[in-house]
$ cat model_33.txt   # compact mmCIF, C-alpha atoms and all ligand atoms
# COMPACT_ATOMS: atom_id res chain seq x y z
CA MET A 1 -14.30 29.84 67.56
CA SER A 2 -13.85 26.80 69.79
CA THR A 3 -12.73 23.45 68.48
CA ALA A 4 -12.23 21.87 71.88
CA GLY A 5 -12.25 18.12 71.57
CA ALA A 6 -11.75 18.22 67.78
CA ARG A 7 -8.78 16.40 66.29
CA PRO A 8 -5.79 18.70 65.86
CA VAL A 9 -4.45 20.12 62.65
CA LEU A 10 -1.15 18.33 61.97
CA ILE A 11 1.79 20.51 60.97
CA ALA A 12 4.78 18.75 59.42
CA GLY A 13 7.93 20.72 60.28
CA GLY A 14 8.80 23.00 63.17
CA GLY A 15 10.79 25.67 61.34
CA ILE A 16 9.82 29.34 61.22
CA GLY A 17 6.88 28.49 58.94
CA GLY A 18 5.48 25.55 60.89
CA LEU A 19 5.77 27.21 64.30
CA SER A 20 4.25 30.48 63.11
CA ALA A 21 1.33 28.53 61.57
CA ALA A 22 0.89 26.70 64.89
CA LEU A 23 0.76 29.99 66.80
CA ALA A 24 -1.58 31.63 64.29
CA LEU A 25 -3.98 28.67 64.36
CA ALA A 26 -3.83 28.40 68.15
CA ALA A 27 -4.65 32.11 68.42
CA ARG A 28 -7.87 31.30 66.55
CA GLY A 29 -8.71 28.47 68.94
CA VAL A 30 -7.58 25.67 66.62
CA GLY A 31 -5.73 22.76 68.27
CA VAL A 32 -2.45 21.90 66.54
CA HIS A 33 0.11 19.10 66.63
CA VAL A 34 3.54 20.08 65.27
CA LEU A 35 5.62 17.09 64.13
CA GLU A 36 9.30 17.86 63.62
CA ALA A 37 11.60 15.35 61.91
CA GLU A 38 14.76 16.21 63.86
CA ARG A 39 15.36 15.14 67.45
CA GLU A 40 15.27 18.75 68.56
CA PHE A 41 13.61 21.86 67.25
CA SER A 42 16.38 24.01 65.87
CA GLU A 43 17.18 26.55 63.19
CA SER A 44 20.52 26.66 61.43
CA GLY A 45 21.98 29.57 59.56
CA ALA A 46 22.89 33.01 60.75
CA GLY A 47 20.87 36.18 60.37
CA ILE A 48 17.43 36.88 59.00
CA GLN A 49 15.75 40.10 57.87
CA ILE A 50 12.13 40.55 58.82
CA GLY A 51 10.33 43.25 56.88
CA PRO A 52 7.38 45.12 58.46
CA ASN A 53 4.93 42.81 56.68
CA GLY A 54 6.44 39.96 58.71
CA SER A 55 7.07 41.78 62.00
CA ARG A 56 3.41 42.92 62.00
CA ILE A 57 2.40 39.25 62.07
CA LEU A 58 4.92 38.31 64.77
CA ILE A 59 3.76 41.22 66.92
CA GLY A 60 0.16 40.07 66.41
CA LEU A 61 1.23 36.65 67.71
CA GLY A 62 2.45 38.29 70.92
CA LEU A 63 6.18 38.40 70.11
CA GLY A 64 6.60 42.19 70.14
CA ASP A 65 8.54 42.35 73.42
CA ALA A 66 10.70 39.38 72.50
CA LEU A 67 11.59 41.02 69.18
CA GLU A 68 12.46 44.31 70.85
CA ALA A 69 14.76 42.47 73.26
CA GLY A 70 16.36 40.01 70.85
CA ALA A 71 16.39 41.66 67.43
CA VAL A 72 17.86 44.84 65.94
CA ARG A 73 16.13 47.62 64.03
CA PRO A 74 18.58 48.61 61.28
CA GLU A 75 18.59 52.28 60.35
CA ALA A 76 18.79 51.74 56.60
CA VAL A 77 19.72 49.49 53.73
CA ILE A 78 22.87 50.98 52.21
CA LEU A 79 23.69 49.98 48.64
CA ARG A 80 27.26 50.22 47.37
CA ASP A 81 29.01 49.28 44.16
CA GLY A 82 31.46 46.47 44.91
CA LEU A 83 33.94 47.30 42.14
CA SER A 84 34.36 51.00 42.92
CA GLY A 85 33.40 50.85 46.61
CA ARG A 86 31.19 53.87 46.00
CA ARG A 87 28.00 54.38 48.00
CA LEU A 88 25.04 54.41 45.62
CA ALA A 89 21.91 54.85 47.69
CA SER A 90 20.34 54.40 51.07
CA VAL A 91 16.81 53.25 51.82
CA PRO A 92 15.80 54.46 55.27
CA LEU A 93 14.39 51.88 57.69
CA GLY A 94 14.37 52.43 61.47
CA ARG A 95 11.82 55.08 62.45
CA GLU A 96 10.94 55.70 58.81
CA ALA A 97 9.80 52.08 58.29
CA LEU A 98 7.83 52.16 61.53
CA ALA A 99 6.06 55.39 60.55
CA ARG A 100 5.43 54.25 57.00
CA TYR A 101 4.24 50.70 57.65
CA GLY A 102 3.14 50.70 61.29
CA ALA A 103 5.60 47.93 62.18
CA PRO A 104 9.41 47.85 62.45
CA TYR A 105 11.96 46.35 60.08
CA TYR A 106 14.04 43.91 62.14
CA VAL A 107 17.12 41.78 61.67
CA ALA A 108 17.74 38.91 64.06
CA GLU A 109 19.76 35.77 64.56
CA ARG A 110 17.74 32.93 63.09
CA ARG A 111 18.09 30.80 66.19
CA VAL A 112 16.82 33.71 68.31
CA LEU A 113 13.71 34.19 66.15
CA HIS A 114 13.11 30.44 66.12
CA ARG A 115 13.49 30.26 69.91
CA MET A 116 10.91 33.06 70.33
CA LEU A 117 8.41 31.09 68.26
CA LEU A 118 9.20 27.83 70.04
CA ASP A 119 8.88 29.37 73.52
CA ALA A 120 5.51 30.87 72.61
CA ALA A 121 4.34 27.54 71.14
CA SER A 122 5.49 25.66 74.27
CA ARG A 123 3.33 27.97 76.41
CA SER A 124 0.17 27.45 74.35
CA PRO A 125 -2.29 24.83 75.63
CA GLN A 126 -3.58 24.49 72.05
CA ILE A 127 -0.23 23.32 70.69
CA GLN A 128 1.33 19.87 71.05
CA LEU A 129 4.98 19.64 70.02
CA SER A 130 6.66 16.37 68.99
CA THR A 131 10.16 15.75 67.68
CA GLY A 132 11.78 12.80 65.91
CA ILE A 133 8.76 12.22 63.65
CA ARG A 134 9.54 12.50 59.94
CA LEU A 135 6.32 12.43 57.98
CA THR A 136 6.67 10.55 54.72
CA ALA A 137 3.09 9.64 53.86
CA CYS A 138 -0.42 10.99 54.08
CA ARG A 139 -3.86 9.82 53.05
CA GLU A 140 -7.42 11.02 53.47
CA GLN A 141 -9.23 9.15 56.18
CA GLY A 142 -12.91 9.76 56.82
CA ARG A 143 -13.26 13.48 57.38
CA GLY A 144 -9.58 13.91 58.17
CA ILE A 145 -6.01 12.89 57.40
CA ALA A 146 -3.76 10.04 58.48
CA ALA A 147 -0.08 10.94 58.22
CA GLY A 148 2.60 8.27 58.27
CA SER A 149 6.16 8.57 59.55
CA ASP A 150 9.30 6.90 58.20
CA ASP A 151 9.37 4.56 61.23
CA GLY A 152 5.83 3.29 60.67
CA ARG A 153 3.83 5.46 63.04
CA GLU A 154 0.46 6.86 61.97
CA ILE A 155 -0.86 10.15 63.32
CA GLU A 156 -4.41 11.29 62.75
CA GLY A 157 -5.63 14.83 62.40
CA ARG A 158 -8.44 16.83 60.87
CA ALA A 159 -6.06 18.36 58.33
CA LEU A 160 -2.37 18.47 57.43
CA VAL A 161 -0.19 21.52 56.80
CA ALA A 162 3.15 20.62 55.22
CA ALA A 163 5.77 23.11 56.41
CA ASP A 164 8.64 20.70 55.75
CA GLY A 165 10.88 23.09 53.88
CA VAL A 166 12.54 23.32 50.50
CA HIS A 167 13.12 19.55 50.19
CA SER A 168 9.50 18.82 51.26
CA ARG A 169 8.68 15.10 51.16
CA LEU A 170 5.01 15.91 51.41
CA ARG A 171 5.16 18.20 48.36
CA SER A 172 6.71 15.40 46.40
CA ILE A 173 4.10 12.88 47.64
CA LEU A 174 1.14 15.17 47.00
CA PHE A 175 2.28 16.83 43.78
CA GLY A 176 5.43 15.05 42.57
CA ARG A 177 7.36 18.31 42.53
CA ALA A 178 10.99 18.96 43.54
CA PRO A 179 13.25 22.01 43.37
CA VAL A 180 16.22 22.37 40.99
CA PHE A 181 19.57 24.15 41.27
CA SER A 182 19.27 27.86 40.35
CA GLY A 183 22.84 28.33 39.10
CA ARG A 184 23.83 30.25 42.23
CA ASN A 185 25.29 29.36 45.60
CA ALA A 186 24.92 31.19 48.89
CA TRP A 187 27.90 31.55 51.23
CA ARG A 188 27.31 32.54 54.79
CA ALA A 189 29.49 33.41 57.78
CA THR A 190 29.19 35.17 61.11
CA ALA A 191 31.73 37.22 63.03
CA ALA A 192 31.25 37.57 66.76
CA ASP A 193 33.50 40.60 66.91
CA ALA A 194 32.10 43.33 64.73
CA LYS A 195 34.66 45.99 65.68
CA SER A 196 36.74 45.51 62.56
CA LEU A 197 33.70 45.92 60.33
CA ALA A 198 33.45 49.68 60.55
CA ALA A 199 31.06 49.92 57.61
CA SER A 200 28.48 47.78 59.36
CA GLY A 201 26.92 50.21 61.79
CA ASP A 202 23.29 49.40 62.34
CA ALA A 203 22.50 49.12 58.66
CA VAL A 204 21.98 46.31 56.21
CA ASN A 205 25.03 46.81 53.99
CA LEU A 206 24.78 45.58 50.41
CA TRP A 207 27.66 45.45 47.93
CA LEU A 208 26.70 44.82 44.30
CA GLY A 209 28.94 43.36 41.59
CA PRO A 210 29.03 41.35 38.36
CA ASP A 211 27.45 37.93 38.99
CA ALA A 212 27.98 38.34 42.73
CA HIS A 213 26.85 40.41 45.66
CA MET A 214 27.37 40.35 49.38
CA LEU A 215 25.68 41.81 52.39
CA HIS A 216 26.40 42.11 56.07
CA TYR A 217 24.54 43.35 59.10
CA ARG A 218 24.64 43.12 62.85
CA CYS A 219 21.88 40.69 63.71
CA GLY A 220 21.73 40.80 67.50
CA PRO A 221 22.03 43.49 70.14
CA GLY A 222 25.82 43.83 70.59
CA GLY A 223 26.62 41.46 67.67
CA PRO A 224 27.22 39.09 65.94
CA VAL A 225 27.57 40.30 62.36
CA ASN A 226 26.12 38.13 59.63
CA ALA A 227 27.53 38.04 56.10
CA VAL A 228 25.98 36.45 53.02
CA ALA A 229 27.54 36.25 49.57
CA ILE A 230 25.53 35.07 46.58
CA VAL A 231 27.60 33.99 43.60
CA GLY A 232 27.11 32.06 40.35
CA GLY A 233 28.71 28.66 39.76
CA GLU A 234 28.38 24.90 40.05
CA ALA A 235 26.06 23.47 42.68
CA ALA A 236 27.49 23.18 46.18
CA SER A 237 26.44 20.01 48.01
CA PRO A 238 22.99 20.35 49.55
CA GLY A 239 22.36 21.20 53.18
CA TRP A 240 23.86 23.73 55.51
CA GLY A 241 26.91 21.81 56.56
CA THR A 242 29.26 22.30 53.62
CA ARG A 243 32.35 24.25 54.61
CA GLY A 244 33.32 26.65 51.83
CA ASP A 245 36.87 27.19 50.58
CA THR A 246 37.63 30.89 51.22
CA GLY A 247 40.01 30.97 48.24
CA GLU A 248 37.18 29.89 45.96
CA LEU A 249 34.89 32.55 47.39
CA ALA A 250 37.59 35.21 46.90
CA ARG A 251 37.80 34.36 43.18
CA HIS A 252 34.19 35.52 42.74
CA PHE A 253 35.22 38.91 44.12
CA SER A 254 38.44 39.50 42.18
CA GLY A 255 38.71 43.11 41.00
CA TRP A 256 36.51 44.38 43.84
CA ALA A 257 37.44 47.50 45.83
CA ASP A 258 39.56 47.28 49.01
CA GLU A 259 36.75 48.00 51.47
CA PRO A 260 34.42 45.09 50.56
CA LEU A 261 37.42 42.75 50.23
CA ARG A 262 38.63 43.73 53.71
CA ILE A 263 35.16 43.05 55.07
CA LEU A 264 34.93 39.68 53.31
CA ALA A 265 38.33 38.72 54.72
CA GLY A 266 37.07 39.61 58.20
CA PHE A 267 34.75 36.63 58.13
CA LYS A 268 36.12 33.11 58.62
CA ASP A 269 34.45 29.72 58.45
CA TRP A 270 32.26 30.32 55.45
CA MET A 271 29.55 27.74 54.87
CA ARG A 272 28.02 27.35 51.45
CA TRP A 273 24.97 25.71 49.96
CA PRO A 274 23.13 25.70 46.66
CA LEU A 275 20.22 28.04 46.02
CA LEU A 276 17.29 26.06 44.70
CA GLU A 277 14.32 27.08 42.60
CA LEU A 278 10.84 25.62 42.35
CA ALA A 279 8.72 26.52 39.33
CA PRO A 280 5.41 28.08 40.45
CA MET A 281 2.80 25.46 41.33
CA ARG A 282 -0.86 25.70 40.23
CA ARG A 283 -2.12 24.09 43.44
CA TRP A 284 -0.78 23.78 46.96
CA SER A 285 -3.74 21.93 48.43
CA ARG A 286 -5.21 18.50 47.94
CA GLY A 287 -8.31 17.94 50.05
CA ALA A 288 -7.49 18.49 53.70
CA ALA A 289 -3.73 18.74 53.06
CA THR A 290 -1.84 21.86 52.02
CA LEU A 291 1.68 23.27 51.66
CA MET A 292 3.16 26.44 53.13
CA GLY A 293 6.51 28.23 53.41
CA ASP A 294 9.41 26.79 51.41
CA ALA A 295 7.40 23.61 50.84
CA ALA A 296 4.99 25.69 48.72
CA HIS A 297 7.29 28.30 47.18
CA VAL A 298 11.04 28.64 47.01
CA LEU A 299 12.13 32.24 46.48
CA MET A 300 15.53 33.59 45.55
CA PRO A 301 16.81 35.50 48.60
CA PHE A 302 17.28 38.89 46.86
CA LEU A 303 14.29 40.48 48.62
CA ALA A 304 15.01 38.68 51.91
CA SER A 305 11.39 37.57 52.01
CA GLY A 306 11.15 33.75 52.02
CA ALA A 307 10.51 33.38 55.75
CA VAL A 308 8.30 36.47 55.76
CA MET A 309 6.18 34.83 53.05
CA ALA A 310 5.88 31.81 55.37
CA LEU A 311 4.62 34.20 58.08
CA GLU A 312 2.06 35.65 55.67
CA ASP A 313 1.04 32.09 54.69
CA ALA A 314 0.58 31.23 58.37
CA ALA A 315 -1.63 34.25 59.07
CA THR A 316 -3.73 33.67 55.93
CA LEU A 317 -4.14 29.98 56.63
CA ALA A 318 -5.34 30.67 60.16
CA ALA A 319 -7.78 33.35 58.94
CA GLU A 320 -9.30 30.94 56.42
CA MET A 321 -9.48 28.08 58.95
CA ALA A 322 -11.37 30.43 61.24
CA ARG A 323 -13.79 31.27 58.41
CA THR A 324 -14.68 27.65 57.60
CA PRO A 325 -13.59 25.66 60.68
CA ASP A 326 -15.58 22.56 59.73
CA ASP A 327 -14.24 22.39 56.20
CA PRO A 328 -10.41 22.46 56.07
CA ALA A 329 -10.42 21.59 52.35
CA GLU A 330 -12.44 24.73 51.62
CA ALA A 331 -10.22 26.78 53.93
CA PHE A 332 -7.09 25.53 52.13
CA ARG A 333 -8.58 26.32 48.71
CA ALA A 334 -9.32 29.86 49.83
CA TYR A 335 -5.86 30.15 51.41
CA GLU A 336 -3.98 29.16 48.27
CA GLN A 337 -6.11 31.46 46.13
CA ARG A 338 -5.28 34.39 48.38
CA ARG A 339 -1.58 33.60 48.55
CA MET A 340 -0.60 32.63 45.01
CA ALA A 341 -0.76 36.05 43.35
CA ARG A 342 1.08 37.69 46.24
CA VAL A 343 3.85 35.08 46.33
CA GLY A 344 4.10 35.22 42.52
CA ARG A 345 4.69 38.96 42.65
CA VAL A 346 7.35 38.61 45.34
CA ARG A 347 9.02 35.81 43.33
CA ARG A 348 9.20 37.94 40.18
CA ALA A 349 10.39 41.02 42.05
CA SER A 350 13.07 38.98 43.80
CA ALA A 351 14.34 37.51 40.54
CA ARG A 352 14.45 40.99 38.98
CA MET A 353 16.33 42.32 42.00
CA GLY A 354 18.91 39.55 41.49
CA GLU A 355 19.46 40.70 37.89
CA ILE A 356 19.91 44.29 39.05
CA TYR A 357 22.30 43.38 41.88
CA HIS A 358 24.50 41.28 39.57
CA MET A 359 24.69 43.61 36.55
CA SER A 360 27.99 44.08 34.73
CA GLY A 361 29.42 46.41 32.05
CA ALA A 362 27.20 49.22 30.72
CA MET A 363 24.15 47.89 32.58
CA ARG A 364 26.03 48.20 35.86
CA LEU A 365 26.96 51.81 35.12
CA ALA A 366 23.37 52.66 34.18
CA ARG A 367 22.15 51.01 37.37
CA ASN A 368 24.62 52.98 39.45
CA LEU A 369 23.55 56.26 37.83
CA THR A 370 19.85 55.51 38.35
CA LEU A 371 20.28 54.46 41.97
CA GLY A 372 22.59 57.40 42.69
CA ALA A 373 20.03 59.89 41.33
CA ALA A 374 16.95 58.38 43.01
CA PRO A 375 15.63 60.35 46.00
CA GLU A 376 15.32 58.32 49.21
CA ARG A 377 11.57 58.79 49.35
CA LEU A 378 11.21 57.26 45.88
CA LEU A 379 13.32 54.26 46.89
CA SER A 380 11.15 53.81 49.99
CA ALA A 381 7.93 54.12 48.01
CA ARG A 382 9.04 51.34 45.67
CA ASN A 383 8.82 48.91 48.61
CA ASP A 384 5.35 49.92 49.79
CA TRP A 385 3.59 47.04 48.02
CA LEU A 386 5.91 44.59 49.80
CA TYR A 387 6.20 45.98 53.32
CA GLY A 388 2.78 47.62 53.51
CA TYR A 389 0.96 44.32 52.95
CA ARG A 390 -1.53 43.24 55.62
CA VAL A 391 -3.18 39.85 55.90
CA GLU A 392 -6.93 40.55 56.13
CA GLY A 393 -9.38 38.58 58.19
C1 LIG A 401 20.84 32.78 51.73
C2 LIG A 401 19.44 32.92 52.22
C3 LIG A 401 19.08 34.07 52.91
C4 LIG A 401 17.76 34.23 53.33
N1 LIG A 401 17.44 35.38 54.00
C5 LIG A 401 16.15 35.58 54.35
C6 LIG A 401 15.78 36.79 55.02
O1 LIG A 401 16.64 37.64 55.34
N2 LIG A 401 14.46 36.98 55.31
C7 LIG A 401 13.50 36.07 54.99
O2 LIG A 401 12.31 36.30 55.24
N3 LIG A 401 13.85 34.89 54.38
C8 LIG A 401 15.13 34.63 54.07
N4 LIG A 401 15.47 33.44 53.47
C9 LIG A 401 14.42 32.41 53.24
C10 LIG A 401 14.14 31.62 54.53
O3 LIG A 401 15.33 31.10 55.06
C11 LIG A 401 13.18 30.47 54.25
O4 LIG A 401 12.17 30.89 53.39
C12 LIG A 401 12.54 29.97 55.55
O5 LIG A 401 13.52 29.58 56.47
C13 LIG A 401 11.60 28.80 55.26
O6 LIG A 401 11.02 28.35 56.45
P1 LIG A 401 10.17 27.00 56.48
O7 LIG A 401 9.67 26.87 57.87
O8 LIG A 401 9.20 26.99 55.35
O9 LIG A 401 11.22 25.84 56.15
P2 LIG A 401 12.46 25.33 57.01
O10 LIG A 401 13.08 26.42 57.78
O11 LIG A 401 13.33 24.56 56.07
O12 LIG A 401 11.81 24.33 58.08
C14 LIG A 401 11.38 23.04 57.70
C15 LIG A 401 11.31 22.19 58.97
O13 LIG A 401 10.69 20.96 58.65
C16 LIG A 401 11.45 19.88 59.18
N5 LIG A 401 11.17 18.73 58.29
C17 LIG A 401 11.72 18.47 57.07
N6 LIG A 401 11.16 17.37 56.54
C18 LIG A 401 10.22 16.95 57.43
C19 LIG A 401 9.31 15.86 57.44
N7 LIG A 401 9.22 15.01 56.40
N8 LIG A 401 8.49 15.69 58.52
C20 LIG A 401 8.56 16.55 59.57
N9 LIG A 401 9.43 17.61 59.62
C21 LIG A 401 10.23 17.80 58.55
C22 LIG A 401 12.87 20.38 59.13
O14 LIG A 401 13.70 19.67 60.03
C23 LIG A 401 12.68 21.85 59.53
O15 LIG A 401 12.66 22.01 60.92
C24 LIG A 401 16.78 33.24 53.05
C25 LIG A 401 17.15 32.08 52.37
C26 LIG A 401 18.46 31.92 51.97
C27 LIG A 401 18.81 30.66 51.23

$ encode --input "model_33.txt" --output "structure tokens"
Amino acid sequence: MSTAGARPVLIAGGGIGGLSAALALAARGVGVHVLEAEREFSESGAGIQIGPNGSRILIGLGLGDALEAGAVRPEAVILRDGLSGRRLASVPLGREALARYGAPYYVAERRVLHRMLLDAASRSPQIQLSTGIRLTACREQGRGIAAGSDDGREIEGRALVAADGVHSRLRSILFGRAPVFSGRNAWRATAADAKSLAASGDAVNLWLGPDAHMLHYRCGPGGPVNAVAIVGGEAASPGWGTRGDTGELARHFSGWADEPLRILAGFKDWMRWPLLELAPMRRWSRGAATLMGDAAHVLMPFLASGAVMALEDAATLAAEMARTPDDPAEAFRAYEQRRMARVGRVRRASARMGEIYHMSGAMRLARNLTLGAAPERLLSARNDWLYGYRVEG
């Protein structure tokens, strides 16, 4: 399909979602203009897990070599009980995930993944990249869209994809919807020197406990190690920049076994932020404007799938734009129809996983027994619906 000379599709936000949508659309011959609010494209945070359903899409976008060079293929997810320190189960990844799903399970530094996407976007003649443009308005104009920025600029396109994240202004303009605090906070830290974290290996290590869990994994070749703790409590201030008080974090882990406590203590400079929820929306699209990524759906991080859902959104959106290139509104309707059931299933599974991770008392003991008795192949098979997913078209 060639749309040479046609007005570009505007994409609000140059995070993992917006850049992957730009690459997926460009690969289909669609011209794109990515408008990022910040002065520079950047990605904060530490590590990110990319299941095979996401890596398949990145590889399809030409990032296979970059992933092999900059990311890590963990051998397994190892689940342990935080109170006893006992190993409960291991879900094989590595070669097993590759053989089972035809694409690897990766972990990477967020900034490394983001840089891969940005470099690829910078090389594409179909993609225009602009920074310092915060879109705060949009209206239908003729057969396209006029998007307005907070400093009074107006940018025209044939359609608008809002990839402006969890606090999406465009979601609130188009649908009047905003996320709310989930009752949990995420704490995150990185350690450059992984030597002291003997349990890390090349696995995603998960420690489960009452109303709290933590995980850590090496997210780049040779380090660093990323740790995330998810705990209940009052809302931390929004954003990524809130430094967490380590004493407060430690209180959520009182009574835990020595090994996870030693690992927690090995990380300094914890940052914390509130985990938000957005009730499922019935529509993501209005005419030639649509939402994707965290702007469309905010998932709890228990299945480590929020960014991967943005990748699936991007691939689906591009497939539908290719199907009806002259009718973005129709393409967006088809896109949201295809995506909503899938995202709903991942949302529910993620919430359920959170309940399981944070069990206490008799439920915790039952969970430990069940996990301990489950054969590895059964644990792997339980993830097939998630990791085996392929975007058609
Ligand atoms: C603790 C935690 C762990 C997680 N771990 C994983 C994991 O392991 N794997 C996984 O797949 N997912 C994970 N996620 C989810 C993942 O981080 C998000 O789903 C993903 O980053 C969303 O990407 P996005 O591009 O939609 O939004 P964002 O990354 O938020 O990008 C939005 C972009 O839009 C820009 N912007 C904002 N407003 C405007 C505007 N008005 N105009 C223009 N630009 C604008 C922003 O500056 C930003 O660059 C995790 C989430 C949390 C909280």

$ residues_around --input "model_33.txt" --residues "A:Val107" --least-positions-apart "6" --cutoff "6 Å" --atoms "only C-alpha atoms" --output "list in words"
Ile48, Gln49, Ile50, Ala71, Val72 and Cys219 of chain A

$ closest_residue --input "model_33.txt" --among "A:Leu83, A:Ala186, A:Leu208, A:Val180" --to "A:Ala227" --atoms "only C-alpha atoms"
A:Ala186

$ closest_residue --input "model_33.txt" --among "A:Gly361, A:Gly51, A:Gly165, A:Pro8" --to "ligand LIG 401 (chain A)" --atoms "only C-alpha atoms and all ligand atoms"
A:Gly165

$ atom_distance --input "model_33.txt" --atom1 "atom CA of A:Ala163" --atom2 "atom CA of A:Gly54"
17.0 Å

$ closest_residue --input "model_33.txt" --among "A:Leu378, A:Ile16, A:Leu206, A:Ile173" --to "ligand LIG 401 (chain A)" --atoms "all atoms listed in the file"
A:Ile16

$ residues_around --input "model_33.txt" --residues "A:Val30" --least-positions-apart "3" --cutoff "10 Å" --atoms "only C-alpha atoms" --output "list in words"
Met1, Ser2, Thr3, Ala4, Ala6, Arg7, Pro8, Val9, Ala22, Leu23, Ala24, Leu25, Ala26, Ala27, Gln126, Ile127, Ala318, Met321, Ala322 and Pro325 of chain A

$ residues_near_point --input "model_33.txt" --point "(10.5, 27.9, 73.6)" --cutoff "12 Å" --atoms "only C-alpha atoms" --output "CSV table (one decimal) with C-alpha atoms, in the frame of the given file"
chain,number,residue,atom,x,y,z
A,14,GLY,CA,8.8,23.0,63.2
A,19,LEU,CA,5.8,27.2,64.3
A,40,GLU,CA,15.3,18.8,68.6
A,41,PHE,CA,13.6,21.9,67.2
A,42,SER,CA,16.4,24.0,65.9
A,63,LEU,CA,6.2,38.4,70.1
A,66,ALA,CA,10.7,39.4,72.5
A,111,ARG,CA,18.1,30.8,66.2
A,112,VAL,CA,16.8,33.7,68.3
A,113,LEU,CA,13.7,34.2,66.2
A,114,HIS,CA,13.1,30.4,66.1
A,115,ARG,CA,13.5,30.3,69.9
A,116,MET,CA,10.9,33.1,70.3
A,117,LEU,CA,8.4,31.1,68.3
A,118,LEU,CA,9.2,27.8,70.0
A,119,ASP,CA,8.9,29.4,73.5
A,120,ALA,CA,5.5,30.9,72.6
A,121,ALA,CA,4.3,27.5,71.1
A,122,SER,CA,5.5,25.7,74.3
A,123,ARG,CA,3.3,28.0,76.4
A,124,SER,CA,0.2,27.4,74.4
A,129,LEU,CA,5.0,19.6,70.0

$ residues_around --input "model_33.txt" --residues "stretch 268-274 of chain A" --least-positions-apart "6" --cutoff "10 Å" --atoms "all atoms listed in the file" --output "ChimeraX atom specification"
/A:45,180-191,227-246,249

$ atom_distance --input "model_33.txt" --atom1 "atom CA of A:Ala314" --atom2 "atom CA of A:Val77"
26.9 Å

$ residues_around --input "model_33.txt" --residues "A:Arg390" --least-positions-apart "5" --cutoff "10 Å" --atoms "all atoms listed in the file" --output "list in words"
Pro52, Asn53, Gly54, Arg56, Ile57, Tyr101, Glu312, Ala315, Thr316 and Trp385 of chain A

$ write_last_selection --input "model_33.txt" --atoms "C-alpha atoms" --output "short mmCIF file (atom, residue, chain, number, x, y, z; two decimals), in the frame of the given file"
data_model
loop_
_atom_site.label_atom_id
_atom_site.label_comp_id
_atom_site.auth_asym_id
_atom_site.auth_seq_id
_atom_site.Cartn_x
_atom_site.Cartn_y
_atom_site.Cartn_z
CA PRO A 52 7.38 45.12 58.46
CA ASN A 53 4.93 42.81 56.68
CA GLY A 54 6.44 39.96 58.71
CA ARG A 56 3.41 42.92 62.00
CA ILE A 57 2.40 39.25 62.07
CA TYR A 101 4.24 50.70 57.65
CA GLU A 312 2.06 35.65 55.67
CA ALA A 315 -1.63 34.25 59.07
CA THR A 316 -3.73 33.67 55.93
CA TRP A 385 3.59 47.04 48.02
#

$ closest_residue --input "model_33.txt" --among "A:Arg134, A:Glu392, A:Arg39, A:Tyr387" --to "A:Ala103" --atoms "all atoms listed in the file"
A:Tyr387

$ atom_distance --input "model_33.txt" --atom1 "atom CA of A:Gly372" --atom2 "atom CA of A:Leu93"
18.0 Å

$ closest_residue --input "model_33.txt" --among "A:Arg143, A:Pro179, A:Ser44, A:Val32" --to "A:Gly15" --atoms "all atoms listed in the file"
A:Ser44

$ closest_residue --input "model_33.txt" --among "A:Ala178, A:Ala341, A:Val225, A:Ala203" --to "A:Ala46" --atoms "all atoms listed in the file"
A:Val225

$ closest_atom_pairs --input "model_33.txt" --of "stretch 100-192 of chain A" --to "stretch 294-309 of chain A" --cutoff "7 Å" --atoms "only C-alpha atoms" --output "CSV"
residue,atom,partner,partner_atom,distance
A:Ala162,CA,A:Ala295,CA,6.8
A:Ala163,CA,A:Ala295,CA,5.8
A:Asp164,CA,A:Ala295,CA,5.8
A:Gly165,CA,A:Ala295,CA,4.6
A:Val166,CA,A:Asp294,CA,4.8
A:Ser168,CA,A:Ala295,CA,5.2
A:Arg171,CA,A:Ala295,CA,6.4

$ residues_around --input "model_33.txt" --residues "A:Asp384" --least-positions-apart "3" --cutoff "10 Å" --atoms "all atoms listed in the file" --output "list of chain:residue names"
A:Asn53, A:Ala97, A:Arg100, A:Tyr101, A:Leu379, A:Ser380, A:Ala381, A:Tyr387, A:Gly388, A:Tyr389

$ closest_atom_pairs --input "model_33.txt" --of "stretch 69-159 of chain A" --to "stretch 34-37 of chain A" --cutoff "7 Å" --atoms "all atoms listed in the file" --output "JSON lines"
{"residue": "A:Gln128", "atom": "CA", "partner": "A:Val34", "partner_atom": "CA", "distance": 6.2}
{"residue": "A:Leu129", "atom": "CA", "partner": "A:Val34", "partner_atom": "CA", "distance": 5.0}
{"residue": "A:Ser130", "atom": "CA", "partner": "A:Leu35", "partner_atom": "CA", "distance": 5.0}
{"residue": "A:Thr131", "atom": "CA", "partner": "A:Glu36", "partner_atom": "CA", "distance": 4.7}
{"residue": "A:Gly132", "atom": "CA", "partner": "A:Ala37", "partner_atom": "CA", "distance": 4.7}
{"residue": "A:Ile133", "atom": "CA", "partner": "A:Ala37", "partner_atom": "CA", "distance": 4.6}
{"residue": "A:Arg134", "atom": "CA", "partner": "A:Ala37", "partner_atom": "CA", "distance": 4.0}
